[in-house]
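Let me begin by presenting the structure, written as structure tokens, before commenting on it.
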Amino acid sequence: MEEVRVRFPPSPTGYLHIGGARTALFNWLFAKQHGGKLILRIEDTDEERSTQASIDGIIEGMQWLGIDWDEGPYFQTEFSQDHIDAANRLLASGQAYKCFCTKEELEQKREAALAQKKSDVGYDGTCRHLSAEEIAEKEAQGIPYVIRFKVPERQGTLFYDDQVLGRIERAYSEFEDFVIVRSNGKPLYLLCNVVDDIRDRITHIIRGQDHMTNTTRQVLLYEALEAPLPSFAHMPLTLDLKKRKISKRSHGEIVAVQFYRDNGFIPWALCNFLCLLGWNPGTEQEYFSREELIQAFDLSRMSRVNSVFNFRPGDAKFFTDPKLIAMNEHYLRSMDLEALGTMVQKELAAADLWDEAYATTQKDWYLHTLGLIRDRFHTLKDFTTAGRAYFAEDYGVDPKPLKKNVLKHPDLKTWLPQLAERYKGLADFSAETTEQLCREFADELEIKPGILINGMRTVLTGQLAGPSMFDIVTTLGQERVVARLSNIDHLYTEA
RNA sequence: GUCCCCAUCGUCUAGUCAGGUCCAGGACACCGGCCUUUCACGCCGGCAACACCGGUUCAAAUCCGGUUGGGGACGCCA
């Protein structure tokens with residue numbers, strides 16, 4: 001059987017956004033499932049807009065997501081001779097022609113056609129039937145020209161079988177003679193893309209529905225270039241809540257893969273979320289390991305409907321799609337602790353909270369702590385913010401619990417240091433003994449234990465909520481607990 | 001405007017191709033309860049959709065036609 005070869009061809013005119021990432025992901029899944037190859041090809045023929053920063057961003061984004069490729073990155077500009085050769089071949093075989101019409105002329109004709117409400121606003125074919133003499137004359141005059149593809153004069157419709165949408169048809173009469181080479185001699189996307197896909201022996205083209213009109217024209221090019229037609233699969237698009245195509249310009253960083261990397265998301269959670277946007281396995285399974293997803297993926301189960309990336313700018317809860325947040329939380333809570341430890345290490349290091357001992361002598365403590373606190377977190381960032389008290393002494397105290405659990409009970413100012421004294425003398429510092437001692441103290445004071453417990457939580461972690469109090473106490477350790485409980489005057493003075 | 005694609009809960013979707021088992025299932029979000037002297041997790045429950053009109057049929061979310069609606073494309077961008 002022929003080897004499956006797919007490609008991801010981003011144009012480096014912006015960062016990798018989630019729509020592009022999803023396209024890459026689907027191609028990657030398809031390749032993996034069929035034991036095929038994924039080719040990364042940077043389509044940088046638009047010199048005006050292509051940037052190195054964008055190329056770096058795309059590559060970093062894919063690496064972060066874990067979408068690896070088998071060949072490339074190739075750069076389209078490195079193959080410009082191939083594109084020029086192909087254009088010349090089409091010219092020589094009479095399947096393309098030189099067009100000397102200027103942009104201004106075409107613009108005028110176009111406006112005139114629109115003014116008359118004519119549907120046909122395409123190229124009128126003025127230069128299509130120029131004689132050899134006329135062409136030679138114009139060339140001799142140095143009139144610049146573009147090369148247009150000569151759409152075959154045929155009745156009926158052109159069609160291809162889309163792997164997602166089924167049979168797609170378009171009447172030949174709907175095509176205009178489209179430009180394949182600019183007047184500056186540079187070939188255009190429509191041609192370059194086909195030439196590259198032929199050279200790279202691409203067997204399946206999986207891309208967004210926004211390419212559908214390109215596809216019908218490209219089918220014509222494959223035919224003219226006498227190359228076998230690959231399979232096409234057009235995926236639904238990703239829209240915003242107002243049903244607009246998501247883009248950097250209108251949506252900003254929230255649609256950039258980098259945003260999720262910088263905001264504590266787990267790469268696989270993003271992949272898992274993205275693959276469910278426009279695809280489903282036909283079962284009720286929603287969480288997949290990498291291997292499960294490769295196994296389950298199937299182009300025929302791709303949706304034909306555009307999907308909405310549900311985020312609401314300015315809404316803290318919906319800063320990105322809540323289902324994506326939920327998935328991130330799921331992986332945060334269920335993933336292997338070692339793997340989580342590696343991810344959190346990067347966050348701690350970036351916040352200057354990392355201690356090498358966490359990887360060596362204190363590794364057990366480190367992983368245990370992550371396991372204890374991760375249930376309440378949403379992103380990896382929370383380990384350095386809400387979880388800061390476990391890794392540093394300079395954690396802040398949230399005003400809300402400070403007021404509710406500490407300041408409301410002025411006597412805690414003396415009670416907590418007293419409790420610290422008792423903890424200091426405790427030989428066996430365990431969850432059981434610390435709890436027992438705490439409750440006994442509450443009994444003596446004739447107060448509810450909750451007053452001490454909630455006060456302790458606020459003082460020890462700075463947070464309103466957290467794990468079971470005495471798990472916190474044992475995790476923090478006797479020394480830190482005693483020190484923090486003894487030294488609470490500043491909480492009252494600062495407030 | 002022209003061509004192409006599409007149409008199930010607020011969102012992601014199952015069910016449509018092979019009509020009945022669907023007064024439509026799951027997930028997220030939301031609401032309530034249990035658990036917990038915190039908060040989450042977890043568990044239990046609730047709210048919530050077949051765009052509309054016609055046709056075919058004993059029977060339509062499912063097939064057909066139309067309407068409306070949405071999206072995409074219409075560049076010497078990719």
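Going through the structure tokens in order, the chains are called A, B, and so on, while each chain numbers its residues from 1 and the ligands are numbered from 1 in the order shown.
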Taking only residues of range 9-59 of chain B that have an atom at most 12 Å from an atom of range 237-242 of chain A, what is each one's shortest atom pair and its distance in Å to one decimal, using only C-alpha atoms (C1' of nucleotides), in chain and number order, as CSV?
```
residue,atom,partner,partner_atom,distance
B:G10,C1',A:Leu241,CA,10.3
B:U11,C1',A:Leu241,CA,8.8
B:C12,C1',A:Thr238,CA,11.5
```
Residues within 12 Å of C9 in chain B, only C-alpha atoms (C1' of nucleotides), excluding chain neighbours under 3 positions, as number ranges by chain: B: 12-13, 24-29, 47-50
Any idea which chain A residues end up within 6 Å of chain B if we count only C-alpha atoms (C1' of nucleotides), as a tab-separated table (two decimals) with N, CA and C atoms, in the first residue's frame please?
```
chain	number	residue	atom	x	y	z
A	11	SER	N	1.46	29.56	6.78
A	11	SER	CA	2.17	30.72	6.23
A	11	SER	C	2.62	31.53	7.44
A	119	SER	N	-23.36	38.99	-12.51
A	119	SER	CA	-22.81	38.03	-11.56
A	119	SER	C	-21.36	37.73	-11.89
A	182	ARG	N	2.75	36.05	-10.76
A	182	ARG	CA	2.64	37.51	-10.68
A	182	ARG	C	3.42	38.18	-11.81
A	210	ASP	N	-12.25	26.73	4.47
A	210	ASP	CA	-11.99	28.00	3.79
A	210	ASP	C	-11.15	27.79	2.52
A	213	THR	N	-12.75	26.62	-2.29
A	213	THR	CA	-12.71	27.13	-3.67
A	213	THR	C	-11.31	27.00	-4.25
A	284	GLU	N	-18.89	7.76	24.02
A	284	GLU	CA	-18.99	8.88	24.95
A	284	GLU	C	-17.65	9.25	25.58
A	305	VAL	N	-20.02	20.70	10.50
A	305	VAL	CA	-20.50	21.97	11.03
A	305	VAL	C	-19.38	22.76	11.70
A	310	ASN	N	-15.76	28.89	22.56
A	310	ASN	CA	-16.62	29.64	23.46
A	310	ASN	C	-15.85	30.42	24.53
A	323	LYS	N	-14.73	24.53	28.68
A	323	LYS	CA	-14.48	23.10	28.54
A	323	LYS	C	-12.97	22.82	28.47
A	375	ASP	N	-5.69	19.33	43.54
A	375	ASP	CA	-7.14	19.17	43.37
A	375	ASP	C	-7.91	20.47	43.24
A	376	ARG	N	-7.40	21.51	43.82
A	376	ARG	CA	-8.11	22.78	43.79
A	376	ARG	C	-7.61	23.74	42.75
A	450	GLY	N	-13.23	25.06	64.71
A	450	GLY	CA	-13.18	25.72	63.39
A	450	GLY	C	-12.52	27.08	63.43
A	465	ALA	N	-9.27	28.66	51.03
A	465	ALA	CA	-9.57	27.24	50.94
A	465	ALA	C	-8.30	26.45	50.74
A	466	GLY	N	-8.38	25.17	50.98
A	466	GLY	CA	-7.21	24.34	50.79
A	466	GLY	C	-7.47	22.92	51.21
```
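Every protein or nucleic acid residue with an atom no more than 8 Å from range 51-56 of chain B, counting only C-alpha atoms (C1' of nucleotides) and leaving out same-chain residues fewer than 2 positions away, appears here: A7, C63, C64, G65, G66, U67, U68 and G69 of chain B.
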Separation of CA of Ile198 in chain A from CA of Ala24 in chain A, in Å and rounded to one decimal: 19.3 Å
Residues of range 47-102 of chain A in helix (DSSP H, G or I), written as a PyMOL selection string: chain A and resi 52-65+76-92
Atomic distance CA of Ala389 in chain A - CA of Thr461 in chain A, expressed in Å with one decimal: 5.1 Å
Exercise: Leu40 in chain A partners within 8 Å, only C-alpha atoms (C1' of nucleotides), chain neighbours under 4 positions left out, as a ChimeraX atom specification: /A:7-9,69-74
With N, CA and C atoms retained, could you export that selection as a PDB file, in the first residue's frame?
```
ATOM      1  N   ARG A   7       0.594  16.877   5.085  1.00  0.00           N
ATOM      2  CA  ARG A   7       1.443  18.034   5.369  1.00  0.00           C
ATOM      3  C   ARG A   7       0.684  19.080   6.164  1.00  0.00           C
ATOM      4  N   PHE A   8       1.484  19.898   6.866  1.00  0.00           N
ATOM      5  CA  PHE A   8       0.940  21.081   7.533  1.00  0.00           C
ATOM      6  C   PHE A   8       1.721  22.250   6.959  1.00  0.00           C
ATOM      7  N   PRO A   9       1.056  23.117   6.205  1.00  0.00           N
ATOM      8  CA  PRO A   9       1.744  24.209   5.515  1.00  0.00           C
ATOM      9  C   PRO A   9       1.340  25.596   5.998  1.00  0.00           C
ATOM     10  N   TRP A  69       6.879  16.293  13.530  1.00  0.00           N
ATOM     11  CA  TRP A  69       6.780  16.059  12.090  1.00  0.00           C
ATOM     12  C   TRP A  69       7.950  15.199  11.642  1.00  0.00           C
ATOM     13  N   ASP A  70       7.763  14.552  10.512  1.00  0.00           N
ATOM     14  CA  ASP A  70       8.752  13.596  10.031  1.00  0.00           C
ATOM     15  C   ASP A  70       9.708  14.185   9.004  1.00  0.00           C
ATOM     16  N   GLU A  71       9.249  15.216   8.291  1.00  0.00           N
ATOM     17  CA  GLU A  71      10.111  15.850   7.290  1.00  0.00           C
ATOM     18  C   GLU A  71       9.935  17.356   7.391  1.00  0.00           C
ATOM     19  N   GLY A  72      11.014  18.064   7.107  1.00  0.00           N
ATOM     20  CA  GLY A  72      10.963  19.514   7.152  1.00  0.00           C
ATOM     21  C   GLY A  72      11.523  20.032   8.460  1.00  0.00           C
ATOM     22  N   PRO A  73      11.354  21.303   8.748  1.00  0.00           N
ATOM     23  CA  PRO A  73      10.548  22.207   7.915  1.00  0.00           C
ATOM     24  C   PRO A  73      11.196  22.531   6.564  1.00  0.00           C
ATOM     25  N   TYR A  74      10.390  22.393   5.526  1.00  0.00           N
ATOM     26  CA  TYR A  74      10.804  22.844   4.204  1.00  0.00           C
ATOM     27  C   TYR A  74      10.318  24.276   4.078  1.00  0.00           C
TER      28      TYR A  74
END
```
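Residues within 12 Å of G19 in chain B, counting only C-alpha atoms (C1' of nucleotides) and excluding same-chain residues fewer than 3 positions away, are U16, U56, U57, C58, A59, A60, A61, U62 and C63 of chain B.
You will find CA of Pro281 in chain A at 19.1 Å from CA of Gly166 in chain A.
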